[in-house]
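**Student:** Provided herewith is a single structure, encoded as structure tokens, for subsequent inquiry.
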Amino acid sequence: MIVVAGEALIDLVPQQRGDALTPLRPVRGGGPYNTAVALARLGGTAAFCSRLSTDGFGTSLLERLSEEGVATGLVQRGPEPTTLAVAAVGADGSASYSFYTGGTADRLFTLPPALPEQTRAVSFGTCSLVLEPGASAYEELMRREAGRGVFIALDPNVRGELIPDADAYRSRFRSWLPYVSLLKLSEEDADWLGLGLPELAAAGPGAVVLTRGGDGLTVRTRDGAEYAVPGEKVEVVDTIGAGDTVNAALLHALSARDLLTPGALAELTADGWAEILTFAARAAAVTCSRAGAEPPYGREVEEFASR
């Protein structure tokens with residue numbers, strides 16, 4: 001089982017580009033939530049660890065997890081409202097967000113008891129590691145599980161508008177890296193953090209995967225090796241959920257190779273990394289080919305590869 005820990009929210013997605021007053025379509029999302037759904041669709045065993053509202057949006061979020069086959073036994077509930085993210089989609093399909101997080105349910109997450117015995121990895125990221133008091137609870141969960149020898153994945157998915165003290169967050173981010181087995185981040189994340197691939201890889205993770213949009217993916221391992229694959233050509237509708245799909249695809253591919261243990265990434269060869277990164281690039285391309293965070297099923301990635 002791969003446990004995904006972090007927020008779930010509602011994306012309000014404009015139905016037309018370039019019109020600030022166009023109707024908004026509510027879409028279930030949030031980086032960790034999308035990752036959990038993508039893992040299940042790819043054929044993995046996933047569980048979601050978060051706190052959801054008991055309002056209509058929260059209930060819908062929970063229902064979708066069950067429909068997708070994601071285990072929900074670690075989901076906490078509360079009466080506070082669901083977090084909202086208003087998306088703005090650019091001419092190239094890229095998305096930016098405005099967040100409404102005041103007093104919402106997901107930021108009141110508390111440290112859960114022991115995770116299921118079959119947990120092989122825990123994935124963290126995005127707003128959940130910023131918004132207190134839940135951020136400290138997620139951080140405690142990360143440190144606890146890493147101490148038990150569980151594989152830790154981190155996708156910071158930086159949302160600068162939610163971070164009141166950038167320097168404090170950067171310092172906190174660096175403190176997590178010794179606990180991390182796999183770090184996945186975008187070029188924009190790395191630029192905001194002020195850290196390059198060599199620095200990130202030297203700080204503790206077994207491997208660092210950098211997403212470069214349409215230019216593909218690059219990985220740098222702890223021993224300094226670096227491999228890259230190009231992006232997959234696709235007509236982009238929007239990029240919502242693409243990075244979350246990459247995160248899930250990497251974890252799924254590593255799980256299929258029985259590499260979800262701390263230190264196991266050192267066993268991967270150049271060919272192995274090329275296969276894993278290519279799989280992730282193809283999965284993300286399928287997500288980009290349709291509106292909203294709609295990650296692919298495993299068969300769709302296979303179909304994309306054989307087109």
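In the structure tokens, the first chain shown is A, the next is B, and so on; residue numbers restart at 1 for each chain, and ligands run from 1 in the order shown.
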Each residue of stretch 151-183 of chain A lying at most 10 Å from stretch 217-235 of chain A should get a row with its shortest atom-to-atom pair and the distance in Å to one decimal, counting only C-alpha atoms; could you produce that, ordered by chain and increasing number, as a tab-separated table?

**Tutor:**
```
residue	atom	partner	partner_atom	distance
A:Ser181	CA	A:Arg222	CA	9.9
A:Leu182	CA	A:Thr221	CA	9.5
A:Leu183	CA	A:Val219	CA	9.6
```

**Student:** Can you pull out every residue from stretch 102-215 of chain A that DSSP, working from the backbone, puts in strand (DSSP E), and format the result as a PyMOL selection string?

**Tutor:** chain A and resi 121-125+151-155+182-186+207-211

**Student:** Convert the current residue selection to file output with N, CA and C atoms, as a short mmCIF file (atom, residue, chain, number, x, y, z; two decimals), in the first residue's frame.

**Tutor:**
```cif
data_model
loop_
_atom_site.label_atom_id
_atom_site.label_comp_id
_atom_site.auth_asym_id
_atom_site.auth_seq_id
_atom_site.Cartn_x
_atom_site.Cartn_y
_atom_site.Cartn_z
N ALA A 121 5.10 2.92 1.44
CA ALA A 121 5.58 4.27 1.17
C ALA A 121 4.51 5.27 1.61
N VAL A 122 4.98 6.48 1.95
CA VAL A 122 4.07 7.58 2.25
C VAL A 122 4.51 8.78 1.42
N SER A 123 3.55 9.37 0.72
CA SER A 123 3.82 10.52 -0.14
C SER A 123 3.23 11.78 0.49
N PHE A 124 4.02 12.86 0.50
CA PHE A 124 3.61 14.14 1.09
C PHE A 124 3.73 15.25 0.06
N GLY A 125 3.02 16.39 0.32
CA GLY A 125 3.25 17.53 -0.54
C GLY A 125 2.20 18.61 -0.49
N PHE A 151 9.53 4.16 3.07
CA PHE A 151 9.94 4.99 1.92
C PHE A 151 9.12 6.27 1.93
N ILE A 152 9.80 7.42 1.88
CA ILE A 152 9.12 8.72 1.92
C ILE A 152 9.28 9.42 0.58
N ALA A 153 8.17 9.84 -0.01
CA ALA A 153 8.17 10.63 -1.24
C ALA A 153 7.68 12.04 -0.91
N LEU A 154 8.28 13.03 -1.55
CA LEU A 154 7.90 14.42 -1.31
C LEU A 154 7.78 15.17 -2.62
N ASP A 155 6.65 15.85 -2.80
CA ASP A 155 6.42 16.73 -3.94
C ASP A 155 6.00 18.08 -3.37
N LEU A 182 12.49 9.81 -2.20
CA LEU A 182 12.27 10.33 -3.56
C LEU A 182 11.70 11.73 -3.48
N LEU A 183 12.41 12.68 -4.06
CA LEU A 183 11.92 14.06 -4.16
C LEU A 183 11.57 14.33 -5.61
N LYS A 184 10.33 14.77 -5.84
CA LYS A 184 9.90 15.16 -7.17
C LYS A 184 9.47 16.62 -7.11
N LEU A 185 9.97 17.44 -8.01
CA LEU A 185 9.59 18.85 -8.04
C LEU A 185 9.73 19.39 -9.45
N SER A 186 9.11 20.55 -9.69
CA SER A 186 9.16 21.18 -11.00
C SER A 186 10.32 22.17 -11.07
N ALA A 207 16.95 10.02 -4.69
CA ALA A 207 16.88 10.53 -6.06
C ALA A 207 15.99 11.76 -6.09
N VAL A 208 16.30 12.66 -7.02
CA VAL A 208 15.50 13.87 -7.23
C VAL A 208 15.05 13.90 -8.68
N VAL A 209 13.75 13.93 -8.90
CA VAL A 209 13.19 14.00 -10.26
C VAL A 209 12.68 15.42 -10.50
N LEU A 210 13.18 16.04 -11.55
CA LEU A 210 12.80 17.40 -11.92
C LEU A 210 11.92 17.35 -13.16
N THR A 211 10.70 17.92 -13.07
CA THR A 211 9.83 17.99 -14.23
C THR A 211 10.11 19.29 -14.98
#
```

**Student:** Which residues, written as a compact mmCIF listing (two decimals) with C-alpha atoms, in the first residue's frame, have at least one atom at most 7 Å from stretch 20-37 of chain A, with only C-alpha atoms counted and residues fewer than 3 positions away on the same chain left out?

**Tutor:**
```txt
# COMPACT_ATOMS: atom_id res chain seq x y z
CA VAL A 4 -0.80 9.63 0.25
CA ALA A 5 -0.93 12.26 2.99
CA GLY A 6 -2.14 15.78 2.31
CA GLU A 7 -5.02 18.00 1.34
CA ALA A 8 -8.08 17.51 -0.78
CA LEU A 9 -9.93 20.54 -2.12
CA ILE A 10 -12.25 21.78 -4.82
CA ASP A 11 -10.73 23.38 -7.90
CA LEU A 12 -13.01 25.96 -9.51
CA VAL A 13 -12.00 25.74 -13.16
CA PRO A 14 -13.03 28.41 -15.73
CA GLN A 15 -15.05 27.05 -18.61
CA GLN A 16 -13.53 29.59 -21.03
CA ALA A 40 -5.40 3.72 -7.96
CA ARG A 41 -6.15 4.27 -11.65
CA ALA A 46 -3.48 3.45 -2.44
CA ALA A 47 -4.81 4.96 0.77
CA PHE A 48 -5.58 8.61 1.50
CA LEU A 61 -14.38 14.11 -2.31
CA LEU A 65 -11.99 8.10 -3.37
CA GLU A 68 -11.73 5.00 -7.51
CA VAL A 70 -8.64 4.39 -2.74
CA PHE A 124 3.61 14.14 1.09
CA GLY A 125 3.25 17.53 -0.54
CA THR A 126 1.64 20.83 -1.51
CA GLY A 241 -2.92 17.53 -12.24
CA ASP A 244 0.49 14.90 -9.48
CA THR A 245 0.21 12.25 -12.20
CA ASN A 247 4.33 11.72 -8.82
CA ALA A 248 1.91 8.80 -8.85
CA ALA A 293 -7.14 16.66 -13.04
```

**Student:** Please, what distance in Å, to one decimal, runs between atom CA of A:Pro205 and atom CA of A:Tyr179?

**Tutor:**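 Computing the Euclidean distance for atom CA of A:Pro205 and atom CA of A:Tyr179 yields 7.3 Å.
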
**Student:** Write out as a list of chain:residue names which residues come within 12 Å of A:Glu303 when counting only C-alpha atoms, dropping same-chain ones fewer than 6 positions away.

**Tutor:**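 The filter keeps A:Phe279, A:Arg282, A:Ala283, A:Val286, A:Pro296, A:Tyr297.
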
**Student:** Please, could you write that set of residues out with C-alpha atoms as a compact mmCIF listing (two decimals), in the first residue's frame?

**Tutor:**
```txt
# COMPACT_ATOMS: atom_id res chain seq x y z
CA PHE A 279 6.23 5.95 -18.13
CA ARG A 282 3.40 9.38 -20.91
CA ALA A 283 0.99 9.32 -17.97
CA VAL A 286 -2.59 11.79 -21.10
CA PRO A 296 -5.05 8.02 -16.79
CA TYR A 297 -5.82 4.39 -16.13
```

**Student:** So what do you get for atom CA of A:Ser53 versus atom CA of A:Gly78, distance-wise?

**Tutor:**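 Spanning atom CA of A:Ser53 to atom CA of A:Gly78 is a straight-line distance of 4.9 Å.
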
**Student:** Counting only C-alpha atoms, which of A:Leu52, A:Val236, A:Ala242, A:Leu268 gets nearest to A:Ser289?

**Tutor:**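 Looking at the shortest contact to A:Ser289, the residue is A:Val236.
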
**Student:** One decimal, Å: what's the distance from atom CA of A:Ser96 over to atom CA of A:Thr239, could you say?

**Tutor:**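 Interatomic distance, atom CA of A:Ser96 to atom CA of A:Thr239: 9.8 Å.
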
**Student:** With distances taken over only C-alpha atoms, which residue among A:Glu161, A:His252, A:Gly292, A:Leu260 lies nearest A:Leu277?

**Tutor:**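 Once distances to A:Leu277 are computed over only C-alpha atoms, the minimum belongs to A:His252.
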
**Student:** Can you tell me, as a ChimeraX atom specification, what residues are no more than 9 Å from A:Leu74 when counting only C-alpha atoms, ignoring any on the same chain fewer than 6 positions away?

**Tutor:** /A:47-51,112,115

**Student:** Find the spatial neighbours of A:Glu132, counting only C-alpha atoms, within a cut-off of 8 Å - ignore same-chain residues fewer than 4 positions away - and output them as a list in words.

**Tutor:**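 Once the adjacent positions are removed, what remains is Arg107, Leu108 and Ser136 of chain A.
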
**Student:** Output as number ranges by chain all residues of stretch 93-286 of chain A that backbone DSSP marks as alpha helix (DSSP H).

**Tutor:** A: 134-147, 166-176, 187-193, 197-202, 242-256, 270-286
